[in-house]
>>> print(open('start-v1.cif').read())   # mmCIF, C-alpha atoms
data_final
#
loop_
_atom_site.group_PDB
_atom_site.id
_atom_site.type_symbol
_atom_site.label_atom_id
_atom_site.label_comp_id
_atom_site.auth_asym_id
_atom_site.auth_seq_id
_atom_site.Cartn_x
_atom_site.Cartn_y
_atom_site.Cartn_z
ATOM 1 C CA MET A 288 -2.833 13.594 7.735
ATOM 2 C CA GLY A 289 -0.184 11.632 5.875
ATOM 3 C CA THR A 290 3.528 11.184 6.509
ATOM 4 C CA VAL A 291 6.449 12.342 4.382
ATOM 5 C CA ILE A 292 9.451 10.002 4.572
ATOM 6 C CA ALA A 293 12.863 10.795 3.091
ATOM 7 C CA VAL A 294 14.941 7.769 2.058
ATOM 8 C CA LEU A 295 18.584 8.810 2.331
ATOM 9 C CA SER A 296 22.128 7.502 2.127
ATOM 10 C CA GLY A 297 25.509 9.062 2.644
ATOM 11 C CA LYS A 298 27.029 7.515 -0.494
ATOM 12 C CA GLY A 299 25.913 5.942 -3.730
ATOM 13 C CA GLY A 300 25.603 2.211 -4.214
ATOM 14 C CA THR A 301 23.830 1.367 -0.961
ATOM 15 C CA GLY A 302 20.624 0.310 -2.743
ATOM 16 C CA LYS A 303 18.628 3.257 -1.428
ATOM 17 C CA THR A 304 16.418 3.497 -4.516
ATOM 18 C CA THR A 305 15.613 -0.221 -4.396
ATOM 19 C CA VAL A 306 14.590 0.108 -0.734
ATOM 20 C CA CYS A 307 12.488 3.206 -1.461
ATOM 21 C CA ALA A 308 10.644 1.445 -4.285
ATOM 22 C CA GLY A 309 10.194 -1.707 -2.222
ATOM 23 C CA LEU A 310 8.635 0.234 0.639
ATOM 24 C CA ALA A 311 6.404 2.295 -1.670
ATOM 25 C CA THR A 312 4.972 -0.746 -3.446
ATOM 26 C CA SER A 313 4.648 -2.665 -0.166
ATOM 27 C CA LEU A 314 2.658 0.151 1.437
ATOM 28 C CA ALA A 315 0.455 0.410 -1.658
ATOM 29 C CA SER A 316 -0.132 -3.354 -1.597
ATOM 30 C CA LEU A 317 -1.321 -2.930 1.996
ATOM 31 C CA GLY A 318 -4.012 -0.515 0.840
ATOM 32 C CA LYS A 319 -2.272 2.788 1.555
ATOM 33 C CA SER A 320 -2.258 5.736 -0.823
ATOM 34 C CA VAL A 321 1.356 6.483 -1.677
ATOM 35 C CA LEU A 322 3.166 9.228 -3.562
ATOM 36 C CA CYS A 323 6.720 8.392 -4.633
ATOM 37 C CA VAL A 324 9.052 11.179 -5.822
ATOM 38 C CA ASP A 325 12.459 10.768 -7.451
ATOM 39 C CA LEU A 326 14.671 13.691 -6.413
ATOM 40 C CA ASP A 327 17.831 12.494 -8.154
ATOM 41 C CA VAL A 328 17.931 15.286 -10.731
ATOM 42 C CA GLY A 329 19.845 14.231 -13.832
ATOM 43 C CA LEU A 330 20.317 10.604 -12.722
ATOM 44 C CA ARG A 331 16.779 9.327 -12.198
ATOM 45 C CA ASN A 332 16.097 5.599 -11.970
ATOM 46 C CA LEU A 333 13.350 5.170 -9.388
ATOM 47 C CA ASP A 334 10.929 4.340 -12.210
ATOM 48 C CA ILE A 335 12.962 1.208 -13.003
ATOM 49 C CA ALA A 336 12.885 0.014 -9.390
ATOM 50 C CA LEU A 337 9.132 0.648 -9.236
ATOM 51 C CA GLY A 338 8.504 -1.339 -12.424
ATOM 52 C CA MET A 339 7.321 1.827 -14.180
ATOM 53 C CA SER A 340 10.056 2.396 -16.773
ATOM 54 C CA LYS A 341 7.493 2.216 -19.603
ATOM 55 C CA VAL A 342 4.938 4.465 -17.871
ATOM 56 C CA PRO A 343 5.048 8.157 -18.941
ATOM 57 C CA ALA A 344 5.608 10.329 -15.872
ATOM 58 C CA LEU A 345 5.819 14.045 -15.197
ATOM 59 C CA SER A 346 8.736 15.464 -13.234
ATOM 60 C CA PHE A 347 8.136 16.881 -9.777
ATOM 61 C CA THR A 348 9.342 20.271 -11.032
ATOM 62 C CA GLU A 349 6.214 20.517 -13.200
ATOM 63 C CA VAL A 350 4.119 20.489 -10.030
ATOM 64 C CA VAL A 351 6.442 22.821 -8.120
ATOM 65 C CA GLN A 352 6.222 25.332 -10.973
ATOM 66 C CA GLY A 353 2.426 25.102 -11.089
ATOM 67 C CA ASN A 354 2.195 23.415 -14.496
ATOM 68 C CA ALA A 355 0.610 20.259 -13.026
ATOM 69 C CA SER A 356 -1.088 19.140 -9.832
ATOM 70 C CA LEU A 357 -0.411 16.345 -7.369
ATOM 71 C CA THR A 358 -3.251 14.369 -8.933
ATOM 72 C CA ASP A 359 -1.329 14.251 -12.232
ATOM 73 C CA GLY A 360 1.227 11.769 -10.936
ATOM 74 C CA ALA A 361 1.720 8.621 -13.001
ATOM 75 C CA ARG A 362 -0.300 5.717 -11.559
ATOM 76 C CA HIS A 363 1.317 2.360 -11.080
ATOM 77 C CA PRO A 364 -0.224 -0.203 -13.466
ATOM 78 C CA ASP A 365 -0.572 -2.802 -10.705
ATOM 79 C CA TYR A 366 -1.070 -0.604 -7.638
ATOM 80 C CA PRO A 367 -3.496 2.218 -8.522
ATOM 81 C CA SER A 368 -3.061 3.820 -5.086
ATOM 82 C CA LEU A 369 0.610 4.455 -5.885
ATOM 83 C CA GLN A 370 1.472 7.602 -7.834
ATOM 84 C CA PHE A 371 4.880 8.700 -9.057
ATOM 85 C CA PHE A 372 6.717 11.833 -10.112
ATOM 86 C CA THR A 373 10.122 11.470 -11.710
ATOM 87 C CA ALA A 374 13.118 13.810 -11.585
ATOM 88 C CA PRO A 375 13.944 16.117 -14.497
ATOM 89 C CA VAL A 376 16.906 15.287 -16.712
ATOM 90 C CA GLY A 377 19.420 17.741 -18.118
ATOM 91 C CA ARG A 378 18.962 20.154 -15.208
ATOM 92 C CA ASP A 379 21.612 18.939 -12.787
ATOM 93 C CA SER A 380 23.106 22.399 -12.402
ATOM 94 C CA GLU A 381 19.826 24.287 -12.043
ATOM 95 C CA PRO A 382 18.877 25.066 -8.427
ATOM 96 C CA GLN A 383 15.491 23.841 -7.200
ATOM 97 C CA ASN A 384 12.969 25.916 -5.263
ATOM 98 C CA GLU A 385 13.302 24.259 -1.876
ATOM 99 C CA GLU A 386 10.649 26.370 -0.169
ATOM 100 C CA ALA A 387 8.083 25.626 -2.896
ATOM 101 C CA PHE A 388 8.878 21.919 -2.683
ATOM 102 C CA HIS A 389 8.338 21.917 1.077
ATOM 103 C CA LYS A 390 4.937 23.560 0.584
ATOM 104 C CA LEU A 391 4.084 20.939 -2.017
ATOM 105 C CA MET A 392 4.917 18.120 0.397
ATOM 106 C CA TYR A 393 2.765 19.765 3.046
ATOM 107 C CA GLN A 394 -0.136 19.652 0.579
ATOM 108 C CA ALA A 395 0.685 16.026 -0.270
ATOM 109 C CA ARG A 396 0.086 15.053 3.350
ATOM 110 C CA ASP A 397 -3.593 15.909 2.859
ATOM 111 C CA GLN A 398 -3.905 13.685 -0.215
ATOM 112 C CA PHE A 399 -1.735 10.642 0.540
ATOM 113 C CA ASP A 400 -1.137 8.350 3.474
ATOM 114 C CA PHE A 401 2.578 8.295 2.695
ATOM 115 C CA CYS A 402 4.926 10.281 0.498
ATOM 116 C CA LEU A 403 8.330 8.667 -0.056
ATOM 117 C CA LEU A 404 11.158 10.859 -1.302
ATOM 118 C CA ASP A 405 14.078 9.104 -2.990
ATOM 119 C CA ALA A 406 16.931 11.511 -2.300
ATOM 120 C CA PRO A 407 20.113 11.508 -4.394
ATOM 121 C CA ALA A 408 23.265 10.125 -2.832
ATOM 122 C CA GLY A 409 25.484 12.619 -1.106
ATOM 123 C CA LEU A 410 24.765 15.676 0.995
ATOM 124 C CA GLY A 411 23.887 18.262 -1.629
ATOM 125 C CA GLU A 412 20.770 20.166 -2.594
ATOM 126 C CA GLY A 413 18.571 17.108 -3.180
ATOM 127 C CA PHE A 414 19.480 15.670 0.211
ATOM 128 C CA ARG A 415 18.611 18.915 1.992
ATOM 129 C CA MET A 416 15.361 19.261 0.084
ATOM 130 C CA ALA A 417 14.247 15.721 0.924
ATOM 131 C CA ALA A 418 15.358 15.735 4.547
ATOM 132 C CA GLY A 419 13.906 19.183 5.186
ATOM 133 C CA ALA A 420 10.486 18.312 3.781
ATOM 134 C CA ALA A 421 10.146 15.022 5.663
ATOM 135 C CA SER A 422 9.008 14.303 9.214
ATOM 136 C CA ARG A 423 10.643 10.869 9.146
ATOM 137 C CA GLN A 424 13.948 9.807 7.621
ATOM 138 C CA ILE A 425 15.187 6.342 6.657
ATOM 139 C CA MET A 426 18.946 5.972 6.372
ATOM 140 C CA VAL A 427 20.053 3.159 4.061
ATOM 141 C CA THR A 428 23.566 1.846 4.510
ATOM 142 C CA GLY A 429 25.722 -1.178 3.791
ATOM 143 C CA PRO A 430 28.537 -3.001 5.583
ATOM 144 C CA ASP A 431 31.524 -1.442 3.844
ATOM 145 C CA PRO A 432 33.559 1.124 5.812
ATOM 146 C CA ALA A 433 32.869 3.962 3.360
ATOM 147 C CA ALA A 434 29.097 3.475 3.584
ATOM 148 C CA MET A 435 29.169 3.374 7.380
ATOM 149 C CA ARG A 436 31.406 6.436 7.679
ATOM 150 C CA ASP A 437 29.258 8.403 5.236
ATOM 151 C CA GLY A 438 26.126 7.231 7.058
ATOM 152 C CA ALA A 439 27.523 8.583 10.329
ATOM 153 C CA ARG A 440 28.356 11.910 8.670
ATOM 154 C CA THR A 441 24.862 12.067 7.161
ATOM 155 C CA GLY A 442 23.441 11.500 10.631
ATOM 156 C CA GLU A 443 25.435 14.439 11.974
ATOM 157 C CA LEU A 444 23.938 16.734 9.342
ATOM 158 C CA LEU A 445 20.415 15.471 10.057
ATOM 159 C CA GLU A 446 20.968 16.235 13.719
ATOM 160 C CA LEU A 447 22.069 19.774 12.849
ATOM 161 C CA MET A 448 18.846 20.106 10.831
ATOM 162 C CA GLY A 449 16.849 19.147 13.922
ATOM 163 C CA LYS A 450 15.781 15.778 12.538
ATOM 164 C CA ASP A 451 15.305 13.299 15.372
ATOM 165 C CA ASN A 452 13.037 10.655 13.804
ATOM 166 C CA VAL A 453 15.691 8.761 11.846
ATOM 167 C CA ARG A 454 15.753 4.984 11.467
ATOM 168 C CA LEU A 455 18.338 2.703 9.894
ATOM 169 C CA VAL A 456 17.918 0.088 7.164
ATOM 170 C CA VAL A 457 20.942 -2.129 6.579
ATOM 171 C CA ASN A 458 20.810 -3.298 2.975
ATOM 172 C CA ARG A 459 22.515 -6.169 1.140
ATOM 173 C CA VAL A 460 23.082 -8.115 4.332
ATOM 174 C CA ASN A 461 25.294 -11.145 3.730
ATOM 175 C CA PRO A 462 26.008 -13.083 6.957
ATOM 176 C CA ARG A 463 28.981 -14.952 5.463
ATOM 177 C CA LEU A 464 30.559 -11.702 4.329
ATOM 178 C CA TYR A 465 29.939 -10.139 7.740
ATOM 179 C CA THR A 466 31.698 -13.073 9.398
ATOM 180 C CA ALA A 467 34.674 -12.720 7.061
ATOM 181 C CA MET A 468 34.817 -8.973 7.778
ATOM 182 C CA GLY A 469 34.487 -9.482 11.517
ATOM 183 C CA ILE A 470 31.469 -7.194 11.884
ATOM 184 C CA THR A 471 27.856 -7.518 13.022
ATOM 185 C CA VAL A 472 24.695 -5.543 12.415
ATOM 186 C CA ASP A 473 25.099 -4.169 15.940
ATOM 187 C CA ASP A 474 28.490 -2.771 14.918
ATOM 188 C CA ILE A 475 26.862 -0.953 11.997
ATOM 189 C CA MET A 476 24.133 0.443 14.253
ATOM 190 C CA ASP A 477 26.736 1.668 16.752
ATOM 191 C CA LEU A 478 28.837 3.394 14.092
ATOM 192 C CA VAL A 479 25.975 5.031 12.182
ATOM 193 C CA GLY A 480 24.151 5.836 15.409
ATOM 194 C CA TYR A 481 20.475 5.126 14.715
ATOM 195 C CA PRO A 482 17.871 2.546 15.769
ATOM 196 C CA LEU A 483 17.324 -0.309 13.345
ATOM 197 C CA LEU A 484 14.165 -0.328 11.226
ATOM 198 C CA GLY A 485 15.010 -3.381 9.158
ATOM 199 C CA LEU A 486 17.474 -5.682 7.431
ATOM 200 C CA VAL A 487 17.396 -6.381 3.698
ATOM 201 C CA PRO A 488 19.439 -9.384 2.525
ATOM 202 C CA GLU A 489 21.643 -9.552 -0.519
ATOM 203 C CA ASP A 490 19.330 -10.825 -3.259
ATOM 204 C CA ARG A 491 20.030 -11.543 -6.919
ATOM 205 C CA ASN A 492 16.320 -11.100 -7.630
ATOM 206 C CA VAL A 493 16.738 -7.319 -7.287
ATOM 207 C CA PRO A 494 18.472 -6.843 -10.681
ATOM 208 C CA LEU A 495 16.307 -9.562 -12.238
ATOM 209 C CA ALA A 496 13.126 -7.725 -11.241
ATOM 210 C CA ALA A 497 14.517 -4.522 -12.785
ATOM 211 C CA VAL A 498 15.282 -6.316 -16.061
ATOM 212 C CA LEU A 499 11.729 -7.687 -16.128
ATOM 213 C CA ASP A 500 10.323 -4.205 -15.324
ATOM 214 C CA LYS A 501 8.499 -5.596 -12.296
ATOM 215 C CA PRO A 502 8.335 -4.326 -8.721
ATOM 216 C CA LEU A 503 10.599 -6.428 -6.532
ATOM 217 C CA ILE A 504 7.779 -7.391 -4.161
ATOM 218 C CA GLN A 505 5.857 -8.844 -7.092
ATOM 219 C CA TYR A 506 8.753 -10.774 -8.567
ATOM 220 C CA LYS A 507 9.466 -13.119 -5.693
ATOM 221 C CA ARG A 508 8.072 -13.360 -2.169
ATOM 222 C CA SER A 509 11.333 -14.036 -0.390
ATOM 223 C CA GLY A 510 14.630 -12.364 0.392
ATOM 224 C CA ALA A 511 14.632 -8.609 -0.232
ATOM 225 C CA SER A 512 10.961 -8.656 -1.230
ATOM 226 C CA THR A 513 9.849 -10.118 2.095
ATOM 227 C CA ALA A 514 12.190 -7.770 3.970
ATOM 228 C CA CYS A 515 10.599 -4.696 2.343
ATOM 229 C CA ARG A 516 7.130 -5.944 3.221
ATOM 230 C CA ARG A 517 8.168 -6.450 6.845
ATOM 231 C CA ILE A 518 9.692 -2.960 7.054
ATOM 232 C CA ALA A 519 6.521 -1.454 5.568
ATOM 233 C CA ARG A 520 4.472 -3.105 8.303
ATOM 234 C CA ARG A 521 6.811 -1.658 10.929
ATOM 235 C CA ILE A 522 6.307 1.789 9.392
ATOM 236 C CA LEU A 523 2.573 1.234 9.917
ATOM 237 C CA GLY A 524 3.233 0.588 13.605
ATOM 238 C CA GLU A 525 3.011 -3.192 13.639
ATOM 239 C CA SER A 526 5.319 -5.197 15.864
ATOM 240 C CA VAL A 527 7.187 -7.356 13.379
ATOM 241 C CA PRO A 528 10.297 -9.249 14.525
ATOM 242 C CA LEU A 529 13.466 -9.024 12.495
ATOM 243 C CA ALA A 530 13.960 -11.831 10.026
ATOM 244 C CA LYS A 531 16.628 -14.409 10.794
ATOM 245 C CA LEU A 532 19.131 -14.129 7.978
ATOM 246 C CA LYS A 533 21.191 -17.196 7.144
#
>>> encode(input="start-v1.cif", output="structure tokens")
Amino acid sequence: MGTVIAVLSGKGGTGKTTVCAGLATSLASLGKSVLCVDLDVGLRNLDIALGMSKVPALSFTEVVQGNASLTDGARHPDYPSLQFFTAPVGRDSEPQNEEAFHKLMYQARDQFDFCLLDAPAGLGEGFRMAAGAASRQIMVTGPDPAAMRDGARTGELLELMGKDNVRLVVNRVNPRLYTAMGITVDDIMDLVGYPLLGLVPEDRNVPLAAVLDKPLIQYKRSGASTACRRIARRILGESVPLAKLK
């Protein structure tokens, strides 16, 4: 049976969607069947990070409402084992059927090795829907005080929801900036309060890959691309040491 993973962040701007897409494409490149779902209703952009902005895709609400099936997900042009459902637009104020979505994700576990849910920033309905449906959660944060504080608050809510399989990804790591700020990755781990799953360095290739409509892992095999591949292998249970960031 497959695994549902929610990719979360306490605030916007942490690069959560980039990490979600990087992990989804990395897992697919390793031969795993992957379903990727954008839950950011009204502000969807996971398709861009996946390199699928030109691929027609149904919204996940079509499946929840019974108008489509899980097999109708858009297939990635380069990774056929990766399927994608986008978020609806123009429905930001319409409540979603959380119970029906949870049932859908339970069914997805029978059809996919991994289902990655790209939750919207913040702690609203989309966050609860993603976190509640997932058995594993990945918290994406950055080094700025607001991101760390919001990450800690997000962790408190996950704990109240009974979620105890949470791991931390520190994104946009810049050692020189950390030195200037007087912080370390250990400081971030201590404040947010979760074990470290991986480090993703600051990488200008992230926006370049989006402009080229390519998955990051395909654009350049270094920096953030390599970091996502290493994290994906850890998700699969491999013992992969943390990269030394310079």
>>> closest_atom_pairs(input="start-v1.cif", of="segment 452-521 of chain A", to="segment 332-344 of chain A", cutoff="9 Å", atoms="only C-alpha atoms", output="tab-separated table")
residue	atom	partner	partner_atom	distance
A:Val493	CA	A:Ala336	CA	8.5
A:Pro494	CA	A:Ala336	CA	8.9
A:Ala496	CA	A:Ala336	CA	8.0
A:Ala497	CA	A:Ala336	CA	5.9
A:Val498	CA	A:Ile335	CA	8.4
A:Leu499	CA	A:Gly338	CA	8.0
A:Asp500	CA	A:Gly338	CA	4.5
A:Lys501	CA	A:Gly338	CA	4.3
A:Pro502	CA	A:Gly338	CA	4.8
A:Leu503	CA	A:Ala336	CA	7.4
>>> closest_atom_pairs(input="start-v1.cif", of="segment 323-426 of chain A", to="segment 446-451 of chain A", cutoff="9 Å", atoms="all atoms listed in the file", output="tab-separated table")
residue	atom	partner	partner_atom	distance
A:Arg415	CA	A:Met448	CA	8.9
A:Ala418	CA	A:Lys450	CA	8.0
A:Gly419	CA	A:Met448	CA	7.6
A:Ala421	CA	A:Lys450	CA	8.9
A:Ser422	CA	A:Lys450	CA	7.7
A:Arg423	CA	A:Lys450	CA	7.9
A:Gln424	CA	A:Lys450	CA	7.9
>>> residues_near_point(input="start-v1.cif", point="(-1.5, -9.5, -14.4)", cutoff="12 Å", atoms="only C-alpha atoms", output="PDB file with C-alpha atoms, in the frame of the given file")
ATOM      1  CA  PRO A 364      -0.224  -0.203 -13.466  1.00  0.00           C
ATOM      2  CA  ASP A 365      -0.572  -2.802 -10.705  1.00  0.00           C
ATOM      3  CA  TYR A 366      -1.070  -0.604  -7.638  1.00  0.00           C
ATOM      4  CA  LYS A 501       8.499  -5.596 -12.296  1.00  0.00           C
ATOM      5  CA  GLN A 505       5.857  -8.844  -7.092  1.00  0.00           C
ATOM      6  CA  TYR A 506       8.753 -10.774  -8.567  1.00  0.00           C
TER       7      TYR A 506
END
>>> resolve_selection(input="start-v1.cif", expression="the PyMOL selection byres ((chain A and resi 513-530) around 10)", output="VMD selection string")
chain A and resid 305 to 317 319 456 458 483 to 488 503 to 504 507 to 512 531 to 533
>>> write_last_selection(input="start-v1.cif", atoms="C-alpha atoms", output="mmCIF file, keeping the file's coordinate frame")
data_model
loop_
_atom_site.group_PDB
_atom_site.id
_atom_site.type_symbol
_atom_site.label_atom_id
_atom_site.label_comp_id
_atom_site.auth_asym_id
_atom_site.auth_seq_id
_atom_site.Cartn_x
_atom_site.Cartn_y
_atom_site.Cartn_z
ATOM 1 C CA THR A 305 15.613 -0.221 -4.396
ATOM 2 C CA VAL A 306 14.590 0.108 -0.734
ATOM 3 C CA CYS A 307 12.488 3.206 -1.461
ATOM 4 C CA ALA A 308 10.644 1.445 -4.285
ATOM 5 C CA GLY A 309 10.194 -1.707 -2.222
ATOM 6 C CA LEU A 310 8.635 0.234 0.639
ATOM 7 C CA ALA A 311 6.404 2.295 -1.670
ATOM 8 C CA THR A 312 4.972 -0.746 -3.446
ATOM 9 C CA SER A 313 4.648 -2.665 -0.166
ATOM 10 C CA LEU A 314 2.658 0.151 1.437
ATOM 11 C CA ALA A 315 0.455 0.410 -1.658
ATOM 12 C CA SER A 316 -0.132 -3.354 -1.597
ATOM 13 C CA LEU A 317 -1.321 -2.930 1.996
ATOM 14 C CA LYS A 319 -2.272 2.788 1.555
ATOM 15 C CA VAL A 456 17.918 0.088 7.164
ATOM 16 C CA ASN A 458 20.810 -3.298 2.975
ATOM 17 C CA LEU A 483 17.324 -0.309 13.345
ATOM 18 C CA LEU A 484 14.165 -0.328 11.226
ATOM 19 C CA GLY A 485 15.010 -3.381 9.158
ATOM 20 C CA LEU A 486 17.474 -5.682 7.431
ATOM 21 C CA VAL A 487 17.396 -6.381 3.698
ATOM 22 C CA PRO A 488 19.439 -9.384 2.525
ATOM 23 C CA LEU A 503 10.599 -6.428 -6.532
ATOM 24 C CA ILE A 504 7.779 -7.391 -4.161
ATOM 25 C CA LYS A 507 9.466 -13.119 -5.693
ATOM 26 C CA ARG A 508 8.072 -13.360 -2.169
ATOM 27 C CA SER A 509 11.333 -14.036 -0.390
ATOM 28 C CA GLY A 510 14.630 -12.364 0.392
ATOM 29 C CA ALA A 511 14.632 -8.609 -0.232
ATOM 30 C CA SER A 512 10.961 -8.656 -1.230
ATOM 31 C CA LYS A 531 16.628 -14.409 10.794
ATOM 32 C CA LEU A 532 19.131 -14.129 7.978
ATOM 33 C CA LYS A 533 21.191 -17.196 7.144
#
>>> atom_distance(input="start-v1.cif", atom1="atom CA of Thr373 of chain A", atom2="atom CA of Gly360 of chain A")
8.9 Å
>>> closest_residue(input="start-v1.cif", among="A:Val351, A:Val328, A:Val460, A:Cys323", to="Glu412 of chain A", atoms="only C-alpha atoms")
A:Val328
>>> residues_around(input="start-v1.cif", residues="Val453 of chain A", least_positions_apart="4", cutoff="9 Å", atoms="only C-alpha atoms", output="PDB file with C-alpha atoms, in the frame of the given file")
ATOM      1  CA  ARG A 423      10.643  10.869   9.146  1.00  0.00           C
ATOM      2  CA  GLN A 424      13.948   9.807   7.621  1.00  0.00           C
ATOM      3  CA  ILE A 425      15.187   6.342   6.657  1.00  0.00           C
ATOM      4  CA  MET A 426      18.946   5.972   6.372  1.00  0.00           C
ATOM      5  CA  GLY A 442      23.441  11.500  10.631  1.00  0.00           C
ATOM      6  CA  LEU A 445      20.415  15.471  10.057  1.00  0.00           C
ATOM      7  CA  TYR A 481      20.475   5.126  14.715  1.00  0.00           C
ATOM      8  CA  PRO A 482      17.871   2.546  15.769  1.00  0.00           C
TER       9      PRO A 482
END
>>> closest_residue(input="start-v1.cif", among="A:Thr441, A:Asn452, A:Asn461, A:Asn492", to="Ser296 of chain A", atoms="all atoms listed in the file")
A:Thr441
>>> decode(input="start-v1.cif", residues="segment 486-493 of chain A", atoms="all heavy atoms", output="PDB file, in the first residue's frame")
ATOM      1  N   LEU A 486      18.362  19.193   3.391  1.00  0.00           N
ATOM      2  CA  LEU A 486      18.707  20.592   3.160  1.00  0.00           C
ATOM      3  C   LEU A 486      18.682  20.862   1.663  1.00  0.00           C
ATOM      4  O   LEU A 486      19.214  20.069   0.884  1.00  0.00           O
ATOM      5  CB  LEU A 486      20.110  20.896   3.694  1.00  0.00           C
ATOM      6  CG  LEU A 486      20.385  20.602   5.170  1.00  0.00           C
ATOM      7  CD1 LEU A 486      21.880  20.771   5.458  1.00  0.00           C
ATOM      8  CD2 LEU A 486      19.559  21.521   6.048  1.00  0.00           C
ATOM      9  N   VAL A 487      18.065  21.959   1.273  1.00  0.00           N
ATOM     10  CA  VAL A 487      18.022  22.353  -0.135  1.00  0.00           C
ATOM     11  C   VAL A 487      18.688  23.720  -0.259  1.00  0.00           C
ATOM     12  O   VAL A 487      18.231  24.690   0.347  1.00  0.00           O
ATOM     13  CB  VAL A 487      16.579  22.429  -0.669  1.00  0.00           C
ATOM     14  CG1 VAL A 487      16.574  22.812  -2.152  1.00  0.00           C
ATOM     15  CG2 VAL A 487      15.870  21.093  -0.461  1.00  0.00           C
ATOM     16  N   PRO A 488      19.770  23.823  -1.026  1.00  0.00           N
ATOM     17  CA  PRO A 488      20.489  25.103  -1.096  1.00  0.00           C
ATOM     18  C   PRO A 488      19.762  26.141  -1.933  1.00  0.00           C
ATOM     19  O   PRO A 488      18.936  25.826  -2.789  1.00  0.00           O
ATOM     20  CB  PRO A 488      21.814  24.700  -1.758  1.00  0.00           C
ATOM     21  CG  PRO A 488      21.454  23.538  -2.624  1.00  0.00           C
ATOM     22  CD  PRO A 488      20.410  22.777  -1.844  1.00  0.00           C
ATOM     23  N   GLU A 489      20.088  27.382  -1.676  1.00  0.00           N
ATOM     24  CA  GLU A 489      19.648  28.465  -2.556  1.00  0.00           C
ATOM     25  C   GLU A 489      20.196  28.195  -3.950  1.00  0.00           C
ATOM     26  O   GLU A 489      21.365  27.859  -4.128  1.00  0.00           O
ATOM     27  CB  GLU A 489      20.194  29.801  -2.041  1.00  0.00           C
ATOM     28  CG  GLU A 489      19.735  31.002  -2.820  1.00  0.00           C
ATOM     29  CD  GLU A 489      18.313  31.391  -2.487  1.00  0.00           C
ATOM     30  OE1 GLU A 489      17.935  31.352  -1.308  1.00  0.00           O
ATOM     31  OE2 GLU A 489      17.579  31.740  -3.430  1.00  0.00           O
ATOM     32  N   ASP A 490      19.342  28.306  -4.972  1.00  0.00           N
ATOM     33  CA  ASP A 490      19.762  27.890  -6.316  1.00  0.00           C
ATOM     34  C   ASP A 490      19.031  28.709  -7.363  1.00  0.00           C
ATOM     35  O   ASP A 490      17.804  28.646  -7.473  1.00  0.00           O
ATOM     36  CB  ASP A 490      19.452  26.393  -6.503  1.00  0.00           C
ATOM     37  CG  ASP A 490      20.062  25.799  -7.759  1.00  0.00           C
ATOM     38  OD1 ASP A 490      20.518  26.570  -8.626  1.00  0.00           O
ATOM     39  OD2 ASP A 490      20.069  24.563  -7.881  1.00  0.00           O
ATOM     40  N   ARG A 491      19.775  29.468  -8.151  1.00  0.00           N
ATOM     41  CA  ARG A 491      19.154  30.300  -9.184  1.00  0.00           C
ATOM     42  C   ARG A 491      18.552  29.472 -10.305  1.00  0.00           C
ATOM     43  O   ARG A 491      17.795  29.988 -11.137  1.00  0.00           O
ATOM     44  CB  ARG A 491      20.174  31.272  -9.756  1.00  0.00           C
ATOM     45  CG  ARG A 491      21.322  30.604 -10.515  1.00  0.00           C
ATOM     46  CD  ARG A 491      22.262  31.630 -11.087  1.00  0.00           C
ATOM     47  NE  ARG A 491      23.327  31.013 -11.880  1.00  0.00           N
ATOM     48  CZ  ARG A 491      24.247  31.712 -12.531  1.00  0.00           C
ATOM     49  NH1 ARG A 491      24.234  33.027 -12.482  1.00  0.00           N
ATOM     50  NH2 ARG A 491      25.173  31.094 -13.230  1.00  0.00           N
ATOM     51  N   ASN A 492      18.899  28.179 -10.361  1.00  0.00           N
ATOM     52  CA  ASN A 492      18.335  27.322 -11.403  1.00  0.00           C
ATOM     53  C   ASN A 492      16.853  27.011 -11.169  1.00  0.00           C
ATOM     54  O   ASN A 492      16.166  26.567 -12.090  1.00  0.00           O
ATOM     55  CB  ASN A 492      19.109  26.001 -11.479  1.00  0.00           C
ATOM     56  CG  ASN A 492      20.524  26.205 -11.983  1.00  0.00           C
ATOM     57  OD1 ASN A 492      20.739  26.812 -13.027  1.00  0.00           O
ATOM     58  ND2 ASN A 492      21.499  25.727 -11.235  1.00  0.00           N
ATOM     59  N   VAL A 493      16.363  27.261  -9.950  1.00  0.00           N
ATOM     60  CA  VAL A 493      14.947  27.002  -9.670  1.00  0.00           C
ATOM     61  C   VAL A 493      14.044  27.886 -10.537  1.00  0.00           C
ATOM     62  O   VAL A 493      13.176  27.371 -11.254  1.00  0.00           O
ATOM     63  CB  VAL A 493      14.645  27.190  -8.164  1.00  0.00           C
ATOM     64  CG1 VAL A 493      13.141  27.140  -7.912  1.00  0.00           C
ATOM     65  CG2 VAL A 493      15.353  26.121  -7.346  1.00  0.00           C
TER      66      VAL A 493
END
